[in-house]
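Just below is one structure, and these are the notes that go with it.
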Amino acid sequence: MQGFLHLLFPSICLQCGTDELSDSNILCDSCIQQLPYTDFFSIENNVVEKMFWGRISLGACGAALFFTKKSIVQILIFELKYKQNPKAGWLLGRLMGEALQKSNRFHHINGLVPVPLQKSRQRKRGYNQAQLLCEGIAAVCHWPLFKDAIQKKKTSSSQTHKDRLQRGGSATIQFTITHPETLYGLNLLVVDDVVTTGATMEALGNCLLMAQPASIGFAAAAYTLH
């Protein structure tokens, strides 16, 4: 398996081009250290949490990295979502896990919920990128993953090319809980790749509330700067 992955994704740092990195990684240690970290997971009332004020009651929220155009973070997200490169997801997930573990605001978490994809899109991509992030987080924090507890039913159209106002309505994003009993009374952390307007998390969070969890938090790999 490792040999096959090496053929598909050669072990060359996406940022600086060095080959001094392990087969399982996508960036060298030096470039990982230079990523634009937010420290949001350790900051109460950070901008991600404020995004949901007056919309939905959530626990601790945050994002690991800042996302800007033409940045290494954009490249990592593009590799993860559109180039079928799971290494990007494993790296981002581990970085999220390390940041979450350092913060004392997430120690109560006992369940990870990846934002689901529609089945047709997941088949085309080959995986759910949010689930890969969860697997990276779980490798560090050892929290259980509830990958099939919620499903995405329908979106009116892709939100990729919509602006902030166009994405603002969560009514077009629909989810359904398939196993509510598995989530009852848990402290859940919903995981996604990028947070921009919070519309997806608002819709998913309102759906999760029907399972009566103890709390719902949110973690993204990246927060979009405008």
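Here, A, B, ... name the chains of the structure tokens in the order displayed, residue numbers run from 1 inside each chain, and ligands are numbered from 1 in the same displayed order.
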DSSP on the backbone, then: every residue of stretch 52-215 of chain A marked helix (DSSP H, G or I), written as JSON, numbers by chain. {"A": [72, 73, 74, 75, 76, 77, 78, 79, 80, 81, 82, 86, 87, 88, 89, 90, 91, 92, 93, 94, 95, 96, 97, 98, 99, 100, 101, 102, 119, 120, 121, 122, 123, 124, 125, 129, 130, 131, 132, 133, 134, 135, 136, 137, 138, 139, 140, 141, 170, 171, 172, 180, 181, 182, 199, 200, 201, 202, 203, 204, 205, 206, 207, 208, 209, 210, 211]}
Distance query A:Gly217 at most 8 Å, only C-alpha atoms, self and fewer than 2 positions along chain excluded, as a VMD selection string: chain A and resid 58 to 61 187 to 190 215 219
Those residues with C-alpha atoms, as a compact mmCIF listing (two decimals), in the first residue's frame please?
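Okay, this is what ended up in selection30.txt:
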```txt
# COMPACT_ATOMS: atom_id res chain seq x y z
CA LEU A 58 -22.38 25.75 20.49
CA GLY A 59 -19.57 24.89 22.84
CA ALA A 60 -15.92 25.54 22.08
CA CYS A 61 -15.14 26.12 18.40
CA ASN A 187 -19.99 15.84 24.02
CA LEU A 188 -19.62 15.99 20.25
CA LEU A 189 -17.10 17.76 18.06
CA VAL A 190 -18.21 18.37 14.48
CA SER A 215 -22.82 19.56 23.96
CA ALA A 219 -13.44 22.31 14.61
```
Could you pull the residues within 6 Å of stretch 86-89 of chain A, counting only C-alpha atoms, minus those fewer than 3 positions along the same chain, as a PyMOL selection string? chain A and resi 76+80+92-93+132-133
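Shortest separation to A:Lys153 among A:Tyr184, A:Phe175, A:Phe218, A:Tyr37 occurs at residue A:Phe175, atoms counted being only C-alpha atoms.
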When distances are computed from only C-alpha atoms, which of A:His226, A:Gln151, A:Asn25, A:Gly126 shows the smallest separation from A:Gln84? A:Gly126
Stretch 37-150 of chain A residues near stretch 207-211 of chain A within 12 Å, closest pair each, using only C-alpha atoms, as CSV:
```
residue,atom,partner,partner_atom,distance
A:Ile56,CA,A:Leu209,CA,10.0
A:Ser57,CA,A:Leu209,CA,9.8
A:Leu58,CA,A:Leu209,CA,10.2
A:Val113,CA,A:Leu208,CA,9.7
A:Pro114,CA,A:Leu208,CA,11.9
A:Val115,CA,A:Leu208,CA,11.2
A:Ala149,CA,A:Leu208,CA,9.4
A:Ile150,CA,A:Leu208,CA,8.1
```
Residues as selected, C-alpha atoms, written as a PDB file, in the first residue's frame, can you do that?
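Dumped everything to selection.pdb:
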```
ATOM      1  CA  ILE A  56     -26.989  28.330  17.292  1.00  0.00           C
ATOM      2  CA  SER A  57     -25.730  27.531  20.777  1.00  0.00           C
ATOM      3  CA  LEU A  58     -22.381  25.752  20.490  1.00  0.00           C
ATOM      4  CA  VAL A 113     -18.770  13.767  13.842  1.00  0.00           C
ATOM      5  CA  PRO A 114     -17.451  14.520  10.329  1.00  0.00           C
ATOM      6  CA  VAL A 115     -19.560  16.796   8.150  1.00  0.00           C
ATOM      7  CA  ALA A 149     -24.468   8.862  12.526  1.00  0.00           C
ATOM      8  CA  ILE A 150     -25.594  11.667  10.206  1.00  0.00           C
TER       9      ILE A 150
END
```
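Across A:Trp90, A:Phe41, A:Trp143, A:Tyr82, the tightest approach to A:Ile109 is made by A:Trp143 when counting only C-alpha atoms.
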Long-range neighbours of A:Asp193 as a list of chain:residue names, 8 Å cut-off, only C-alpha atoms, 4 positions minimum in chain: A:Ile77, A:Gln129, A:Ala130, A:Leu133, A:Ala220, A:Ala221, A:Ala222
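For the atom pair formed by atom CA of A:Ala203 and atom CA of A:Lys124, the distance is 23.8 Å, given to one decimal.
We find atom CA of A:Ser30 and atom CA of A:Cys16 to be spaced 9.3 Å apart.
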Option closest in space to A:Val73, from A:Glu20, A:Phe106, A:Leu35, A:Thr196 [counting only C-alpha atoms]: A:Leu35
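Atom CA of A:Ile216 lies 10.4 Å from atom CA of A:Leu204.
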Can you tell me, as a compact mmCIF listing (two decimals) with C-alpha atoms, in the first residue's frame, which residues in stretch 42-119 of chain A count as strand (DSSP E) by DSSP?
```
# COMPACT_ATOMS: atom_id res chain seq x y z
CA CYS A 61 -15.14 26.12 18.40
CA GLY A 62 -12.10 26.96 16.33
CA ALA A 63 -9.93 26.36 13.29
CA ALA A 64 -6.33 25.27 13.12
CA LEU A 65 -5.04 27.40 10.22
CA PHE A 66 -5.76 30.60 8.33
CA PHE A 67 -6.89 30.09 4.73
CA GLY A 111 -17.17 11.83 20.01
CA LEU A 112 -16.18 13.12 16.56
CA VAL A 113 -18.77 13.77 13.84
CA PRO A 114 -17.45 14.52 10.33
```
I need the residue nearest A:Thr224 from this list: A:Asn206, A:Gln118, A:Thr197, A:Thr182. Use only C-alpha atoms for the distance. A:Thr197
